[in-house]
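Worksheet: one structure, shown below.
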2 protein chains.
Amino acid sequence: MRRLSDRLDRDLSGLYADYGVRFEPRWYPIVALLEETGPRAITEMASELGLTHPAVSQVAKSLIEEGLCKKRADKKDGRRHLLSLTPKGKKRIEQLRPLWRAVFQATENLLTDELPGLMAELDALDQSLNEKSMSARVKALLPHEVDA
Amino acid sequence: MRRLSDRLDRDLSGLYADYGVRFEPRWYPIVALLEETGPRAITEMASELGLTHPAVSQVAKSLIEEGLCKKRADKKDGRRHLLSLTPKGKKRIEQLRPLWRAVFQATENLLTDELPGLMAELDALDQSLNEKSMSARVKALLPHEVDA
DNA sequence: TTAAATTATGTAAGTGCTTACATAAATGGG
DNA sequence: CCCATTTATGTAAGCACTTACATAATTTAA
């Protein structure tokens, strides 16, 4: 699974350069989330994207340096910083829209035509691990020499 | 997929410490391969495991420092270094055998009971990408503004 | 009201890989 | 035989995350 996901990432990572628009692949999840839902706090994004907050903080810093995002304090909570898209960020998104559409379409085609059950299986794996972690499963099979 | 594989890795990475045996998770693929097939060269292992040769070289160095492996020149090719298990390495493997068995069993149970189609879908994904890369699929859907 | 506990974010350092670069041995063709 | 090309491995640096640590704001409980 890791090899496959690495493979897909590597395969797609050159597309932005080919497309002639400056954009880092790791920016995508955050930019897409901000476009969809508006200004968000670092930990909110981290939680939703399944990353740690320092990872999001680092990407946020990178996006701010590129001018695609800006940060402001949350009036309701002095600890929080809300990240949002700049006009430049929104314009970059519009430039990339056709590329992202093509990626979605290609993914959709692949899943529909060739891998009809993949998403269901991955969701089921997620659920199964929610119910019982892999390590718990392993430990249940071991002689009682390992702490629970 | 990446989140899931990360999740599984993180979940299992504490098992060695819990089990009370000193072993790094990234050693496993190489140690297992050496046990199964005997002494191997760096690039052979890299190719079979889907890693780059520097990655394997780094793990090899780590294993040698731990005393689990040793390296010798290949008599047939003066460039090649064959990595093999030391007696200490073989002993470490025997210590870990019950844990690895439990991991295999847990995996088997999960695949058989809850995710019967997962491996087939992942194999199919691999095949599909062999036939046509994801970026090629995307580019086929784009207006003709991107180099083929 | 105050202090302890919790939560938000930044920074530093580590991890496990990758790509880039370098050197040397082997191979193949003229 | 000689040389250009290919192949094997090591080292350096980069990448995208993680964990650890630190500071500060907010919340909760006494």
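If you're wondering about the labels, chains in the structure tokens are A, B, ... by order shown, residues count from 1 in each chain, ligands from 1 in order shown.
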* **Distance filter 12 Å, only C-alpha atoms (C1' of nucleotides), chain B against chain D, as a ChimeraX atom specification** => /B:2-3,6,10,41-44,46,52-58,60-61,73-74,77-82
May I have the residues from that selection written out with C-alpha atoms, as a PDB file, in the first residue's frame?
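Below is the file again_18.pdb, written as the result:
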```pdb
ATOM      1  CA  ARG B   2      -0.996   6.884   2.321  1.00  0.00           C
ATOM      2  CA  ARG B   3      -2.795   7.780   5.520  1.00  0.00           C
ATOM      3  CA  ASP B   6       1.090   5.410   7.728  1.00  0.00           C
ATOM      4  CA  ARG B  10       2.670   3.720  13.331  1.00  0.00           C
ATOM      5  CA  ALA B  41      23.665  -7.442  -3.236  1.00  0.00           C
ATOM      6  CA  ILE B  42      22.433  -3.954  -2.437  1.00  0.00           C
ATOM      7  CA  THR B  43      20.869  -3.196  -5.788  1.00  0.00           C
ATOM      8  CA  GLU B  44      19.208  -6.599  -5.964  1.00  0.00           C
ATOM      9  CA  ALA B  46      16.593  -2.434  -3.643  1.00  0.00           C
ATOM     10  CA  THR B  52      16.392   3.027  -3.952  1.00  0.00           C
ATOM     11  CA  HIS B  53      19.870   1.701  -3.475  1.00  0.00           C
ATOM     12  CA  PRO B  54      20.945   4.480  -1.076  1.00  0.00           C
ATOM     13  CA  ALA B  55      17.982   3.609   1.133  1.00  0.00           C
ATOM     14  CA  VAL B  56      19.072  -0.023   1.231  1.00  0.00           C
ATOM     15  CA  SER B  57      22.678   1.029   1.708  1.00  0.00           C
ATOM     16  CA  GLN B  58      21.658   3.077   4.731  1.00  0.00           C
ATOM     17  CA  ALA B  60      22.544  -2.147   5.561  1.00  0.00           C
ATOM     18  CA  LYS B  61      24.938   0.158   7.358  1.00  0.00           C
ATOM     19  CA  ALA B  73      32.734  -8.540  -1.716  1.00  0.00           C
ATOM     20  CA  ASP B  74      31.214 -10.734  -4.385  1.00  0.00           C
ATOM     21  CA  ASP B  77      31.965  -8.978  -9.472  1.00  0.00           C
ATOM     22  CA  GLY B  78      34.362  -6.683  -7.709  1.00  0.00           C
ATOM     23  CA  ARG B  79      31.844  -3.884  -7.527  1.00  0.00           C
ATOM     24  CA  ARG B  80      29.232  -5.832  -5.649  1.00  0.00           C
ATOM     25  CA  HIS B  81      28.904  -6.213  -1.923  1.00  0.00           C
ATOM     26  CA  LEU B  82      26.886  -9.120  -0.627  1.00  0.00           C
TER      27      LEU B  82
END
```
(request) Can you check which residues of region 26-145 of chain B DSSP gives as strand (DSSP E or B) on the backbone and send them as a list in words? (result) Arg40, Ala41, Cys69, Lys70, Lys71, Arg72, Ala73, Asp74, Asp77, Gly78, Arg79, Arg80, His81, Leu82, Leu83, Ser84 and Leu85 of chain B
Now that the selection is made, can you save its residues with all heavy atoms as a compact mmCIF listing (two decimals), in the first residue's frame?
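Contents of the output file out-v2.txt:
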```txt
# COMPACT_ATOMS: atom_id res chain seq x y z
N ARG B 40 22.71 -11.28 -0.43
CA ARG B 40 22.24 -10.54 -1.60
C ARG B 40 22.99 -9.23 -1.75
O ARG B 40 23.45 -8.64 -0.78
CB ARG B 40 20.76 -10.20 -1.45
CG ARG B 40 19.85 -11.37 -1.28
CD ARG B 40 19.86 -12.25 -2.51
NE ARG B 40 19.22 -11.65 -3.65
CZ ARG B 40 17.91 -11.74 -3.92
NH1 ARG B 40 17.11 -12.34 -3.08
NH2 ARG B 40 17.43 -11.20 -5.00
N ALA B 41 23.02 -8.72 -2.96
CA ALA B 41 23.66 -7.44 -3.24
C ALA B 41 22.68 -6.30 -3.02
O ALA B 41 21.48 -6.47 -3.09
CB ALA B 41 24.18 -7.42 -4.66
N CYS B 69 24.13 -8.05 10.57
CA CYS B 69 24.55 -8.38 9.21
C CYS B 69 26.03 -8.07 9.01
O CYS B 69 26.61 -7.27 9.76
CB CYS B 69 23.76 -7.56 8.18
SG CYS B 69 22.07 -8.05 8.05
N LYS B 70 26.57 -8.73 7.98
CA LYS B 70 27.93 -8.38 7.58
C LYS B 70 27.98 -8.30 6.06
O LYS B 70 27.08 -8.80 5.38
CB LYS B 70 28.95 -9.40 8.11
CG LYS B 70 28.81 -10.79 7.53
CD LYS B 70 29.88 -11.71 8.15
CE LYS B 70 29.93 -13.07 7.50
NZ LYS B 70 28.73 -13.88 7.66
N LYS B 71 29.03 -7.68 5.55
CA LYS B 71 29.16 -7.45 4.13
C LYS B 71 30.45 -8.06 3.64
O LYS B 71 31.46 -8.01 4.32
CB LYS B 71 29.19 -5.93 3.88
CG LYS B 71 28.76 -5.52 2.51
CD LYS B 71 29.05 -4.06 2.28
CE LYS B 71 28.18 -3.14 3.09
NZ LYS B 71 28.40 -1.72 2.72
N ARG B 72 30.42 -8.66 2.46
CA ARG B 72 31.66 -9.11 1.85
C ARG B 72 31.57 -8.87 0.34
O ARG B 72 30.48 -8.83 -0.22
CB ARG B 72 31.94 -10.59 2.16
CG ARG B 72 30.90 -11.53 1.63
CD ARG B 72 31.31 -12.98 1.87
NE ARG B 72 30.18 -13.88 1.69
CZ ARG B 72 29.82 -14.40 0.53
NH1 ARG B 72 30.48 -14.09 -0.57
NH2 ARG B 72 28.78 -15.20 0.43
N ALA B 73 32.71 -8.75 -0.28
CA ALA B 73 32.73 -8.54 -1.72
C ALA B 73 32.29 -9.82 -2.43
O ALA B 73 32.50 -10.92 -1.95
CB ALA B 73 34.13 -8.15 -2.17
N ASP B 74 31.65 -9.62 -3.55
CA ASP B 74 31.21 -10.73 -4.39
C ASP B 74 32.40 -11.17 -5.26
O ASP B 74 32.95 -10.37 -6.01
CB ASP B 74 30.05 -10.26 -5.26
CG ASP B 74 29.46 -11.35 -6.12
OD1 ASP B 74 30.03 -12.46 -6.15
OD2 ASP B 74 28.44 -11.10 -6.77
N ASP B 77 32.12 -10.35 -8.98
CA ASP B 77 31.97 -8.98 -9.47
C ASP B 77 32.52 -8.05 -8.40
O ASP B 77 31.91 -7.86 -7.37
CB ASP B 77 30.48 -8.69 -9.73
CG ASP B 77 30.23 -7.35 -10.38
OD1 ASP B 77 31.08 -6.44 -10.24
OD2 ASP B 77 29.18 -7.19 -11.03
N GLY B 78 33.67 -7.48 -8.71
CA GLY B 78 34.36 -6.68 -7.71
C GLY B 78 33.64 -5.43 -7.25
O GLY B 78 34.03 -4.78 -6.29
N ARG B 79 32.60 -5.06 -7.95
CA ARG B 79 31.84 -3.88 -7.53
C ARG B 79 30.83 -4.22 -6.46
O ARG B 79 30.39 -3.38 -5.69
CB ARG B 79 31.06 -3.31 -8.70
CG ARG B 79 31.90 -2.88 -9.86
CD ARG B 79 31.04 -2.58 -11.05
NE ARG B 79 30.25 -3.73 -11.46
CZ ARG B 79 29.43 -3.72 -12.50
NH1 ARG B 79 29.30 -2.64 -13.22
NH2 ARG B 79 28.74 -4.80 -12.81
N ARG B 80 30.36 -5.46 -6.49
CA ARG B 80 29.23 -5.83 -5.65
C ARG B 80 29.64 -6.17 -4.22
O ARG B 80 30.68 -6.75 -3.97
CB ARG B 80 28.53 -7.07 -6.24
CG ARG B 80 27.89 -6.81 -7.57
CD ARG B 80 27.48 -8.13 -8.21
NE ARG B 80 26.25 -8.63 -7.68
CZ ARG B 80 25.05 -8.44 -8.23
NH1 ARG B 80 24.95 -7.72 -9.32
NH2 ARG B 80 23.98 -8.93 -7.71
N HIS B 81 28.78 -5.81 -3.32
CA HIS B 81 28.90 -6.21 -1.92
C HIS B 81 27.70 -7.07 -1.58
O HIS B 81 26.55 -6.66 -1.80
CB HIS B 81 28.89 -4.98 -1.01
CG HIS B 81 30.07 -4.10 -1.20
ND1 HIS B 81 30.23 -2.91 -0.54
CD2 HIS B 81 31.17 -4.24 -1.97
CE1 HIS B 81 31.36 -2.36 -0.89
NE2 HIS B 81 31.96 -3.13 -1.76
N LEU B 82 27.98 -8.26 -1.04
CA LEU B 82 26.89 -9.12 -0.63
C LEU B 82 26.65 -8.96 0.87
O LEU B 82 27.56 -9.09 1.68
CB LEU B 82 27.21 -10.58 -0.95
CG LEU B 82 27.38 -10.90 -2.44
CD1 LEU B 82 27.74 -12.37 -2.62
CD2 LEU B 82 26.10 -10.56 -3.20
N LEU B 83 25.42 -8.71 1.20
CA LEU B 83 25.04 -8.56 2.60
C LEU B 83 24.48 -9.90 3.09
O LEU B 83 23.71 -10.55 2.37
CB LEU B 83 23.96 -7.48 2.73
CG LEU B 83 23.66 -6.96 4.12
CD1 LEU B 83 24.81 -6.13 4.65
CD2 LEU B 83 22.39 -6.13 4.12
N SER B 84 24.88 -10.31 4.29
CA SER B 84 24.33 -11.55 4.83
C SER B 84 24.11 -11.43 6.33
O SER B 84 24.63 -10.53 6.98
CB SER B 84 25.27 -12.74 4.54
OG SER B 84 26.54 -12.50 5.10
N LEU B 85 23.34 -12.37 6.87
CA LEU B 85 23.04 -12.37 8.30
C LEU B 85 24.21 -12.93 9.10
O LEU B 85 24.86 -13.89 8.69
CB LEU B 85 21.80 -13.22 8.57
CG LEU B 85 20.47 -12.66 8.07
CD1 LEU B 85 19.41 -13.74 8.07
CD2 LEU B 85 20.03 -11.48 8.93
```
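One distance worth recording is that between CA of Leu8 (chain B) and CA of Met134 (chain A), which is 6.9 Å.
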**Request:** Compute the chain C side of the contact with chain A at 8 Å, counting only C-alpha atoms (C1' of nucleotides), and hand it back as a list in words.
**Result:** DA8, DT9 and DG10 of chain C
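Within 6 Å of chain B, and using only C-alpha atoms, the residues found on chain A are A:Arg2, A:Ser5, A:Asp11, A:Leu12, A:Tyr19, A:Ala102, A:Val103, A:Ala106, A:Leu118, A:Glu121, A:Ser135, A:Arg137, A:Val138, A:Leu141, A:Val146.
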Writer output for current selection, C-alpha atoms, as a compact mmCIF listing (two decimals), in the first residue's frame:
```txt
# COMPACT_ATOMS: atom_id res chain seq x y z
CA ARG A 2 2.79 2.42 0.88
CA SER A 5 0.76 5.48 -2.75
CA ASP A 11 3.85 9.92 -10.80
CA LEU A 12 1.71 12.99 -10.26
CA TYR A 19 1.43 22.33 -16.61
CA ALA A 102 -8.45 16.13 -15.11
CA VAL A 103 -6.91 14.43 -12.09
CA ALA A 106 -8.76 10.20 -14.35
CA LEU A 118 -11.09 -0.40 -4.10
CA GLU A 121 -12.20 -2.03 0.67
CA SER A 135 -1.35 -4.00 17.30
CA ARG A 137 -4.98 -7.88 16.99
CA VAL A 138 -1.37 -8.98 17.01
CA LEU A 141 -2.45 -13.73 19.11
CA VAL A 146 3.46 -8.61 25.98
```
- Would you give me, as a PyMOL selection string, the residues in region 11-79 of chain B that DSSP reads as alpha helix (DSSP H)? chain B and resi 11-13+15-19+28-37+42-49+53-66
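The two atoms in question, CA of Val31 (chain A) and CA of Gly89 (chain A), are spaced 8.3 Å apart.
Using only C-alpha atoms (C1' of nucleotides), the protein and nucleic acid residues lying no more than 12 Å from Lys88 (chain A), apart from those fewer than 6 places from it along its own chain, are Leu63, Ile64, Glu65, Glu66, Gly67, Leu68, Cys69, Lys70, Glu94 and Gln95 of chain A.
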Take the residues from that selection and put them in a file with all heavy atoms, as a PDB file, in the first residue's frame.
```pdb
ATOM      1  N   LEU A  63       3.054  28.490   2.244  1.00  0.00           N
ATOM      2  CA  LEU A  63       2.003  29.118   1.450  1.00  0.00           C
ATOM      3  C   LEU A  63       1.993  30.635   1.645  1.00  0.00           C
ATOM      4  O   LEU A  63       1.739  31.400   0.718  1.00  0.00           O
ATOM      5  CB  LEU A  63       0.628  28.540   1.822  1.00  0.00           C
ATOM      6  CG  LEU A  63       0.307  27.149   1.257  1.00  0.00           C
ATOM      7  CD1 LEU A  63      -0.867  26.527   1.988  1.00  0.00           C
ATOM      8  CD2 LEU A  63       0.020  27.234  -0.242  1.00  0.00           C
ATOM      9  N   ILE A  64       2.265  31.065   2.871  1.00  0.00           N
ATOM     10  CA  ILE A  64       2.305  32.499   3.164  1.00  0.00           C
ATOM     11  C   ILE A  64       3.486  33.147   2.442  1.00  0.00           C
ATOM     12  O   ILE A  64       3.363  34.232   1.857  1.00  0.00           O
ATOM     13  CB  ILE A  64       2.376  32.737   4.685  1.00  0.00           C
ATOM     14  CG1 ILE A  64       1.019  32.390   5.335  1.00  0.00           C
ATOM     15  CG2 ILE A  64       2.736  34.191   4.996  1.00  0.00           C
ATOM     16  CD1 ILE A  64       1.066  32.209   6.832  1.00  0.00           C
ATOM     17  N   GLU A  65       4.612  32.461   2.467  1.00  0.00           N
ATOM     18  CA  GLU A  65       5.788  32.986   1.777  1.00  0.00           C
ATOM     19  C   GLU A  65       5.541  33.107   0.274  1.00  0.00           C
ATOM     20  O   GLU A  65       6.047  34.000  -0.382  1.00  0.00           O
ATOM     21  CB  GLU A  65       6.995  32.089   2.031  1.00  0.00           C
ATOM     22  CG  GLU A  65       7.609  32.304   3.420  1.00  0.00           C
ATOM     23  CD  GLU A  65       8.582  31.202   3.813  1.00  0.00           C
ATOM     24  OE1 GLU A  65       8.764  30.258   3.010  1.00  0.00           O
ATOM     25  OE2 GLU A  65       9.154  31.287   4.915  1.00  0.00           O
ATOM     26  N   GLU A  66       4.761  32.186  -0.265  1.00  0.00           N
ATOM     27  CA  GLU A  66       4.440  32.208  -1.696  1.00  0.00           C
ATOM     28  C   GLU A  66       3.357  33.238  -2.000  1.00  0.00           C
ATOM     29  O   GLU A  66       3.107  33.539  -3.154  1.00  0.00           O
ATOM     30  CB  GLU A  66       3.996  30.802  -2.146  1.00  0.00           C
ATOM     31  CG  GLU A  66       3.573  30.666  -3.594  1.00  0.00           C
ATOM     32  CD  GLU A  66       4.744  30.740  -4.580  1.00  0.00           C
ATOM     33  OE1 GLU A  66       5.901  30.642  -4.127  1.00  0.00           O
ATOM     34  OE2 GLU A  66       4.494  30.895  -5.790  1.00  0.00           O
ATOM     35  N   GLY A  67       2.734  33.761  -0.965  1.00  0.00           N
ATOM     36  CA  GLY A  67       1.698  34.767  -1.168  1.00  0.00           C
ATOM     37  C   GLY A  67       0.322  34.206  -1.469  1.00  0.00           C
ATOM     38  O   GLY A  67      -0.580  34.956  -1.844  1.00  0.00           O
ATOM     39  N   LEU A  68       0.169  32.901  -1.341  1.00  0.00           N
ATOM     40  CA  LEU A  68      -1.117  32.301  -1.666  1.00  0.00           C
ATOM     41  C   LEU A  68      -2.077  32.326  -0.482  1.00  0.00           C
ATOM     42  O   LEU A  68      -3.283  32.160  -0.652  1.00  0.00           O
ATOM     43  CB  LEU A  68      -0.932  30.847  -2.134  1.00  0.00           C
ATOM     44  CG  LEU A  68      -0.026  30.647  -3.351  1.00  0.00           C
ATOM     45  CD1 LEU A  68      -0.038  29.176  -3.783  1.00  0.00           C
ATOM     46  CD2 LEU A  68      -0.442  31.535  -4.524  1.00  0.00           C
ATOM     47  N   CYS A  69      -1.508  32.461   0.735  1.00  0.00           N
ATOM     48  CA  CYS A  69      -2.339  32.490   1.938  1.00  0.00           C
ATOM     49  C   CYS A  69      -1.878  33.592   2.878  1.00  0.00           C
ATOM     50  O   CYS A  69      -0.737  34.045   2.791  1.00  0.00           O
ATOM     51  CB  CYS A  69      -2.231  31.158   2.691  1.00  0.00           C
ATOM     52  SG  CYS A  69      -3.063  29.822   1.874  1.00  0.00           S
ATOM     53  N   LYS A  70      -2.795  33.975   3.765  1.00  0.00           N
ATOM     54  CA  LYS A  70      -2.404  34.894   4.840  1.00  0.00           C
ATOM     55  C   LYS A  70      -3.011  34.390   6.146  1.00  0.00           C
ATOM     56  O   LYS A  70      -3.936  33.574   6.133  1.00  0.00           O
ATOM     57  CB  LYS A  70      -2.851  36.321   4.529  1.00  0.00           C
ATOM     58  CG  LYS A  70      -4.351  36.519   4.512  1.00  0.00           C
ATOM     59  CD  LYS A  70      -4.667  37.982   4.200  1.00  0.00           C
ATOM     60  CE  LYS A  70      -6.133  38.307   4.387  1.00  0.00           C
ATOM     61  NZ  LYS A  70      -7.015  37.632   3.444  1.00  0.00           N
ATOM     62  N   GLU A  94      -7.677  29.073  -9.779  1.00  0.00           N
ATOM     63  CA  GLU A  94      -8.396  29.087 -11.067  1.00  0.00           C
ATOM     64  C   GLU A  94      -7.509  28.601 -12.202  1.00  0.00           C
ATOM     65  O   GLU A  94      -7.956  27.911 -13.110  1.00  0.00           O
ATOM     66  CB  GLU A  94      -8.942  30.488 -11.363  1.00  0.00           C
ATOM     67  CG  GLU A  94     -10.100  30.892 -10.454  1.00  0.00           C
ATOM     68  CD  GLU A  94     -11.158  29.786 -10.335  1.00  0.00           C
ATOM     69  OE1 GLU A  94     -11.536  29.183 -11.373  1.00  0.00           O
ATOM     70  OE2 GLU A  94     -11.594  29.512  -9.201  1.00  0.00           O
ATOM     71  N   GLN A  95      -6.226  28.971 -12.111  1.00  0.00           N
ATOM     72  CA  GLN A  95      -5.285  28.490 -13.125  1.00  0.00           C
ATOM     73  C   GLN A  95      -5.178  26.969 -13.111  1.00  0.00           C
ATOM     74  O   GLN A  95      -5.006  26.335 -14.148  1.00  0.00           O
ATOM     75  CB  GLN A  95      -3.894  29.059 -12.857  1.00  0.00           C
ATOM     76  CG  GLN A  95      -3.733  30.513 -13.176  1.00  0.00           C
ATOM     77  CD  GLN A  95      -2.345  31.003 -12.782  1.00  0.00           C
ATOM     78  OE1 GLN A  95      -1.939  30.889 -11.636  1.00  0.00           O
ATOM     79  NE2 GLN A  95      -1.599  31.540 -13.731  1.00  0.00           N
TER      80      GLN A  95
END
```
